[in-house]
Every structure is written in structure tokens, then in C-alpha cells.
Amino acid sequence: MTAVRARTVEILKWISIVLFVVLVAVVMWQVITRQVLQAPSAWTTTVSQYLFIWLVLFSVAMVFGERGHVAVDFFARLLPRPAQRVTNVLVSLSVLVFALLGLVWGGIRGMSISWDQIIPGLPVTVGQMYLALPLAGVLIALFALEDVARAARGEDMLAGDSAQEAAALASTEGLREDSPLHAQEPQSTQQPLSAQQPTATPEDPGTARDTTRHDRTTED
């Protein structure tokens with residue numbers, strides 16, 4: 001993830017947090033005015049609906065930017081590496097086309113049609129609230145364009161991930177076995193046992209009887 005992309009994702013994260021906090025506050029005020037004050041507020045329903053739309057769009061852009069979206073890559077991992085590259089390019093291109101046509105172009109058309117439609121009780125129009133569609137579409141399109149470039153260069157491969165991790169672990173274990181510290185471990189464990197072997201061997205019975213007889217003669 002580039003620095004610009006990471007910074008953009010961080011900004012989108014804070015925008016989503018602010019939108020969520022405002023949405024919760026508006027919904028709580030709606031409940032208070034309806035249940036406690038017995039005077040339902042007319043603007044809270046409309047504002048909560050548009051806030052929810054903005055929250056969803058910017059959150060989707062944030063998740064796509066940090067590559068946290070759900071992806072089923074089971075069948076893609078079974079393909080050879082050239083086919084994986086083609087698959088990744090096609091997936092990123094499809095996301096790019098959807099963002100440009102569905103969100104950017106569709107959002108601009110929706111804004112142009114409903115720009116002058118007044119929302120009762122609010123100082124903004126419907127077209128201005130539709131501004132979130134092209135904004136989120138542009139962000140997703142930029143992220144998808146970067147993903148297309150990475151997939152075309154082969155930087156977004158799938159099949160070799162597990163194999164590379166296993167090879168790295170194996171090489172690390174091999175280095176540990178070849179290291180001098182690892183080679184000295186068996187010697188350190190065997191040395192006390194070899195030192196204790198002479199003391200652990202039983203004495204000759206004849207020698208023990210002679211020693212006992214000598215001790216008795218000395219006492220007499």
C-alpha cells in the first residue's frame with residue numbers, strides 16, 4: 001500500500017467515524033422526540049437516511065482501499081500463476097468499470113436530474129446529497145486502477161503465498177540447526193550425564209567385602 005493510498009484510507013476512516021457518530025446522535029434524538037417529548041421531529045428521518053447512504057458509500061471505499069473486502073479466492077489459488085495474473089487483472093478491471101459507470105457516471109446523472117429538488121426541512125437539495133455517489137466512485141476507481149497495475153506486474157499473486165511462508169520457515173529452522181549455539185546444545189545436555197556415569201556404576205562385591213573386613217580389623 002502506497003503512502004498516498006494509506007493516507008486516503010485513514011481520512012476515509014475518520015470520515016466514516018464522524019458520519020456514524022452523527023447518525024447515532026440523530027437517531028437518538030428522533031427516539032427522544034417521539035417517545036419522551038411526544039413531538040416527533042420531522043427532519044430526523046430524512047437526515048438519518050441520507051447519513052446512512054453517505055456512511056455506506058465512504059465505508060465501502062475505505063474497505064476497498066485497505067483491501068479488507070470479502071474475496072473468495074479458492075478457485076483462483078488452484079490456477080497456474082499466469083492464469084492468476086489474468087484473473088486478478090480481470091477482477092480489478094471489473095471493479096474499475098463498475099465504479100466508473102455505476103457510481104461516477106450514474107451519480108452524475110442522478111445529480112443533474114435532481115439537483116433542484118428541495119428536501120423539506122433541510123437547506124440542501126436531493127442532487128447535493130447524491131454527491132456522495134461520484135465521490136465514492138472516484139476513490140474506488142483510483143484504488144482499482146492501482147490494483148490493475150499491481151496485478152499486471154504480477155505483484156498480487158496468490159498461489160505462492162503459503163509455499164513461500166513454508167519455505168521461509170524451513171530456511172529459518174535450517175539456520176537454527178546449523179548455528180553454533182544449536183550445535184552446542186546436545187553437548188551441554190550430555191556432559192552432566194557422562195560426568196555422573198562413574199559415580200553411578202556399582203562397586204565390585206569383593207572389593208566392598210574387603211573394605212568392610214579391613215574396617216572391622218582396624219576397630220579391633
# chains A, B, ... in the order shown; residues from 1 in each chain; ligands from 1
>>> select_by_dssp(residues="region 73-128 of chain A", states="alpha helix (DSSP H)", output="JSON, numbers by chain")
{"A": [74, 75, 76, 77, 78, 81, 82, 83, 84, 85, 86, 87, 88, 89, 90, 91, 92, 93, 94, 95, 96, 97, 98, 106, 107, 108, 109, 110, 111, 112, 113, 126, 127, 128]}
>>> residues_around(residues="region 116-133 of chain A", least_positions_apart="5", cutoff="8 Å", atoms="only C-alpha atoms", output="compact mmCIF listing (two decimals) with all heavy atoms, in the first residue's frame")
# COMPACT_ATOMS: atom_id res chain seq x y z
N ALA A 42 -39.52 16.15 12.41
CA ALA A 42 -39.77 15.81 11.01
C ALA A 42 -38.48 15.61 10.21
O ALA A 42 -38.46 14.85 9.24
CB ALA A 42 -40.61 16.91 10.36
N TRP A 43 -37.42 16.27 10.59
CA TRP A 43 -36.20 16.23 9.79
C TRP A 43 -35.29 15.06 10.13
O TRP A 43 -34.40 14.73 9.35
CB TRP A 43 -35.41 17.53 9.97
CG TRP A 43 -35.01 17.80 11.40
CD1 TRP A 43 -35.72 18.48 12.33
CD2 TRP A 43 -33.81 17.36 12.04
NE1 TRP A 43 -35.06 18.52 13.52
CE2 TRP A 43 -33.87 17.85 13.37
CE3 TRP A 43 -32.69 16.64 11.63
CZ2 TRP A 43 -32.85 17.60 14.28
CZ3 TRP A 43 -31.68 16.39 12.53
CH2 TRP A 43 -31.76 16.87 13.85
N TYR A 50 -30.13 9.84 4.64
CA TYR A 50 -29.01 10.32 3.81
C TYR A 50 -27.67 10.10 4.50
O TYR A 50 -26.66 9.80 3.84
CB TYR A 50 -29.21 11.79 3.46
CG TYR A 50 -30.24 12.02 2.39
CD1 TYR A 50 -31.45 12.63 2.69
CD2 TYR A 50 -30.02 11.62 1.08
CE1 TYR A 50 -32.42 12.84 1.71
CE2 TYR A 50 -30.98 11.83 0.09
CZ TYR A 50 -32.17 12.43 0.42
OH TYR A 50 -33.11 12.63 -0.56
N TRP A 54 -24.44 8.02 2.91
CA TRP A 54 -23.08 8.53 2.87
C TRP A 54 -22.12 7.63 3.66
O TRP A 54 -20.99 7.38 3.23
CB TRP A 54 -23.05 9.96 3.44
CG TRP A 54 -23.47 11.00 2.46
CD1 TRP A 54 -24.70 11.15 1.88
CD2 TRP A 54 -22.66 12.06 1.94
NE1 TRP A 54 -24.71 12.22 1.04
CE2 TRP A 54 -23.48 12.81 1.05
CE3 TRP A 54 -21.35 12.47 2.15
CZ2 TRP A 54 -23.00 13.93 0.38
CZ3 TRP A 54 -20.87 13.59 1.48
CH2 TRP A 54 -21.69 14.30 0.60
N LEU A 57 -21.36 4.43 1.57
CA LEU A 57 -20.52 4.67 0.40
C LEU A 57 -19.06 4.94 0.80
O LEU A 57 -18.13 4.35 0.23
CB LEU A 57 -21.08 5.85 -0.41
CG LEU A 57 -22.39 5.57 -1.14
CD1 LEU A 57 -22.94 6.86 -1.77
CD2 LEU A 57 -22.20 4.51 -2.22
N PHE A 58 -18.85 5.79 1.77
CA PHE A 58 -17.47 6.09 2.17
C PHE A 58 -16.83 4.92 2.91
O PHE A 58 -15.62 4.71 2.82
CB PHE A 58 -17.44 7.35 3.02
CG PHE A 58 -17.58 8.62 2.23
CD1 PHE A 58 -18.77 9.32 2.21
CD2 PHE A 58 -16.52 9.11 1.48
CE1 PHE A 58 -18.90 10.47 1.47
CE2 PHE A 58 -16.64 10.27 0.73
CZ PHE A 58 -17.84 10.96 0.73
N LEU A 103 -21.12 4.24 -10.37
CA LEU A 103 -21.06 5.24 -9.31
C LEU A 103 -20.78 6.64 -9.86
O LEU A 103 -21.51 7.59 -9.54
CB LEU A 103 -20.00 4.85 -8.29
CG LEU A 103 -20.27 3.56 -7.50
CD1 LEU A 103 -19.11 3.26 -6.56
CD2 LEU A 103 -21.58 3.65 -6.73
N VAL A 104 -19.74 6.77 -10.67
CA VAL A 104 -19.38 8.11 -11.15
C VAL A 104 -20.39 8.60 -12.19
O VAL A 104 -21.04 9.64 -12.02
CB VAL A 104 -17.95 8.10 -11.73
CG1 VAL A 104 -17.60 9.49 -12.27
CG2 VAL A 104 -16.95 7.69 -10.66
N GLY A 106 -23.31 7.22 -13.19
CA GLY A 106 -24.67 7.16 -12.67
C GLY A 106 -24.94 8.21 -11.61
O GLY A 106 -26.03 8.81 -11.56
N GLY A 107 -23.96 8.48 -10.76
CA GLY A 107 -24.14 9.51 -9.75
C GLY A 107 -24.24 10.90 -10.33
O GLY A 107 -25.04 11.72 -9.87
N ILE A 108 -23.44 11.18 -11.36
CA ILE A 108 -23.52 12.50 -12.01
C ILE A 108 -24.87 12.68 -12.70
O ILE A 108 -25.48 13.77 -12.65
CB ILE A 108 -22.36 12.66 -13.00
CG1 ILE A 108 -21.03 12.74 -12.23
CG2 ILE A 108 -22.54 13.91 -13.86
CD1 ILE A 108 -19.80 12.78 -13.12
N GLY A 110 -27.68 11.23 -11.81
CA GLY A 110 -28.67 11.43 -10.75
C GLY A 110 -28.61 12.83 -10.17
O GLY A 110 -29.65 13.43 -9.84
N MET A 111 -27.40 13.36 -10.02
CA MET A 111 -27.27 14.73 -9.51
C MET A 111 -27.86 15.75 -10.48
O MET A 111 -28.52 16.70 -10.06
CB MET A 111 -25.79 15.04 -9.27
CG MET A 111 -25.17 14.33 -8.08
SD MET A 111 -23.38 14.63 -7.99
CE MET A 111 -23.36 16.42 -7.96
>>> atom_distance(atom1="CA of Glu155 (chain A)", atom2="CA of Phe98 (chain A)")
22.9 Å
>>> closest_residue(among="A:Arg5, A:Ala152, A:Val91, A:Val26", to="Gln49 (chain A)", atoms="only C-alpha atoms")
A:Val26
>>> atom_distance(atom1="CA of Gly65 (chain A)", atom2="CA of Val89 (chain A)")
16.4 Å
>>> residues_around(residues="Ala141 (chain A)", least_positions_apart="2", cutoff="8 Å", atoms="only C-alpha atoms", output="number ranges by chain")
A: 95-97, 99-100, 137-139, 143-145
>>> atom_distance(atom1="CA of Ala3 (chain A)", atom2="CA of Val63 (chain A)")
16.2 Å
